[in-house]
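Note sheet for the following structure.
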Amino acid sequence: KPDISSPAAILMDAKSGKVLYEKNSKQRYAPASITKIMTALIVAENADMSDMVTYSANATTNLESGAVTAGVTAGDIISVNDSMYALMLKSANEVANGLAEHVAGSVSSFAAKMNAKAKELGATDTNFVNPSGLSDSNHYTTAYDLYLIFNEAMKDSRFMNYAGAPSYNVSYTAADGTQVTKSWKNGNRYITGQAAAPRGIVVDAGKTGTTLAAGSCLVICSENAEGKRYISVVLKSKNRADLYDNMSKLLSKINK
């Protein structure tokens, strides 16, 4: 078995649902921004990608210290499609809040939709309090539940575009009417080429997450040389180097 130093991990055959490796896969952990996989899934199911989101002051300012943002401020108008790239690539927490308000009217109502979907998927050890993954003791999931959620999200080709793009260039209307141009880079080092997957493995998409409570986390889908697809999850690594080392150990099992 791979020598995984992180406390929880899982490697699944995406087609058959067979568990190829697991370690504490049903133990609850804080997921950090991996939460945004479910956020993207709910938005994709409930909003038109051409809809325009006007970001509120509550969405853009009600964040904990140090929270990652895309620099979106109150009154900015961005399409759902462009917002989804900010959500998945930049992991923007104010964008998660704004999308939640757009879909459900409030963060709490959106979280209820997230939990209903988790229950529908059989993710019974999951509870979401917000769409971002910012710290809350009642916000948790498991490696196995994240597999279930990501497996569902993968069925939508739009999600795969959002979660698999190395970068995205956007232009949107600011609150003062001026045009803002930005470029968002994917935080997944496999996607950007900053980390190398084992030979013969292609990483298609995924989501990173990091907070003090959650440590460094990563969920990805990948394909081996035979064209078989897999979903792998690593939770609570002590740092990014450890995270990618652990994930590469999982991926090395795919071609054996």
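Residue numbering restarts at 1 for every chain of the structure tokens, chains are lettered A, B, ... in their displayed order, and ligands are numbered from 1 as they appear.
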Next on the checklist: If we count only C-alpha atoms and set the cut-off at 10 Å, which residues sit around Ser132 in chain A, ignoring sequence neighbours fewer than 3 positions away in its own chain? Please answer as a ChimeraX atom specification.
Outcome noted: /A:31-39,63,67-68,87,91-97,100,107,111,128-129,135,209
Item to check | Test item, strand (DSSP E or B) assignment across range 30-171 of chain A, answer as a list in words | outcome: Met52, Val53, Thr54, Ile77, Ile78, Ser79, Asn127, Tyr140, Thr141, Ser167, Tyr168, Asn169, Val170 and Ser171 of chain A
Checklist entry - What does the distance from CA of Arg240 in chain A to CA of Pro7 in chain A come to in Å, to one decimal? => result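 A separation of 14.6 Å between them.
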Item to check | Shell of 7 Å around Lys207 in chain A, only C-alpha atoms, local chain residues under 6 positions omitted, as a PyMOL selection string | outcome: chain A and resi 34+88+163+188+218-220
Item to check | Nearest candidate to Asn81 in chain A (options A:Tyr168, A:Ala59, A:Lys113, A:Asn24; using only C-alpha atoms) | outcome: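 Smallest separation from Asn81 in chain A among the options: A:Tyr168.
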Contacts of range 120-217 of chain A with range 224-233 of chain A up to 7 Å, shortest pair per row, only C-alpha atoms, as a Markdown table:
```
| residue | atom | partner | partner_atom | distance |
| --- | --- | --- | --- | --- |
| A:Ala143 | CA | A:Val233 | CA | 5.9 |
| A:Tyr147 | CA | A:Ile231 | CA | 6.6 |
| A:Gly200 | CA | A:Ala225 | CA | 5.1 |
| A:Ile201 | CA | A:Asn224 | CA | 4.7 |
| A:Val202 | CA | A:Asn224 | CA | 6.5 |
```
Item to check | alpha helix (DSSP H) residues, from DSSP on the backbone, in range 68-245 of chain A, as number ranges by chain | outcome: A: 80-85, 93-104, 107-121, 143-153, 157-164, 189-192, 240-245
Checklist entry - A:Leu212, A:Val170, A:Val234, A:Leu251: which is nearest Ala196 in chain A, counting only C-alpha atoms? => result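 The closest residue to Ala196 in chain A is A:Leu251.
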Checklist entry - Residues at most 10 Å from Leu20 in chain A, counting only C-alpha atoms, excluding those fewer than 6 positions away in the same chain, as a PyMOL selection string? => result chain A and resi 1+10-13+230+232+250+253-254
Item to check | Nearest candidate to Gly105 in chain A (options A:Leu134, A:Ala70, A:Val53, A:Leu148; using only C-alpha atoms) | outcome: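 Checking each candidate against Gly105 in chain A, we get A:Val53 as the closest.
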Next on the checklist: So that I can check the surroundings of Asp125 in chain A, please list as a list in words every protein, DNA and RNA residue that reaches within 8 Å of it, counting only C-alpha atoms and ignoring chain neighbours fewer than 4 positions away.
Outcome noted: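 The contact residues come out as Lys26, Arg28, Tyr140, Thr141, Thr142 and Asp145 of chain A.
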Checklist entry - Interatomic distance between CA of Ser237 in chain A and CA of Gly66 in chain A? => result 19.6 Å
Checklist outcome for this item: Counting only C-alpha atoms, closest pick from A:Ala241, A:Leu99, A:Val180, A:Val19 relative to Gly71 in chain A is A:Val180
Next on the checklist: When you count only C-alpha atoms, which of these residues is closest to Ser222 in chain A: A:Ser157, A:Ser25, A:Asn151, A:Gln194?
Outcome noted: A:Asn151
Next on the checklist: So, with only C-alpha atoms as the atoms that count, which of A:Ile149, A:Val72, A:Ala118, A:Lys18 lies closest to Ser171 in chain A?
Outcome noted: A:Val72
Checklist entry - Can you tell me, as a ChimeraX atom specification, what residues are no more than 10 Å from Thr192 in chain A when counting only C-alpha atoms, ignoring any on the same chain fewer than 6 positions away? => result /A:164-167,185-186
Residue subset to file, keeping N, CA and C atoms, as a PDB file, in the first residue's frame:
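Writing done, so here's part-v3.pdb:
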```
ATOM      1  N   GLY A 164     -10.770  22.274 -14.452  1.00  0.00           N
ATOM      2  CA  GLY A 164      -9.611  21.766 -15.165  1.00  0.00           C
ATOM      3  C   GLY A 164      -8.827  22.794 -15.955  1.00  0.00           C
ATOM      4  N   ALA A 165      -9.290  24.040 -15.967  1.00  0.00           N
ATOM      5  CA  ALA A 165      -8.589  25.077 -16.722  1.00  0.00           C
ATOM      6  C   ALA A 165      -7.331  25.537 -15.981  1.00  0.00           C
ATOM      7  N   PRO A 166      -6.189  25.643 -16.650  1.00  0.00           N
ATOM      8  CA  PRO A 166      -4.977  26.150 -15.990  1.00  0.00           C
ATOM      9  C   PRO A 166      -5.122  27.612 -15.562  1.00  0.00           C
ATOM     10  N   SER A 167      -5.835  28.392 -16.385  1.00  0.00           N
ATOM     11  CA  SER A 167      -6.048  29.806 -16.078  1.00  0.00           C
ATOM     12  C   SER A 167      -7.268  30.304 -16.843  1.00  0.00           C
ATOM     13  N   LYS A 185      -5.511  32.091 -12.000  1.00  0.00           N
ATOM     14  CA  LYS A 185      -4.717  30.890 -12.197  1.00  0.00           C
ATOM     15  C   LYS A 185      -5.196  29.767 -11.289  1.00  0.00           C
ATOM     16  N   ASN A 186      -5.219  28.561 -11.815  1.00  0.00           N
ATOM     17  CA  ASN A 186      -5.651  27.403 -11.048  1.00  0.00           C
ATOM     18  C   ASN A 186      -4.675  27.133  -9.897  1.00  0.00           C
TER      19      ASN A 186
END
```
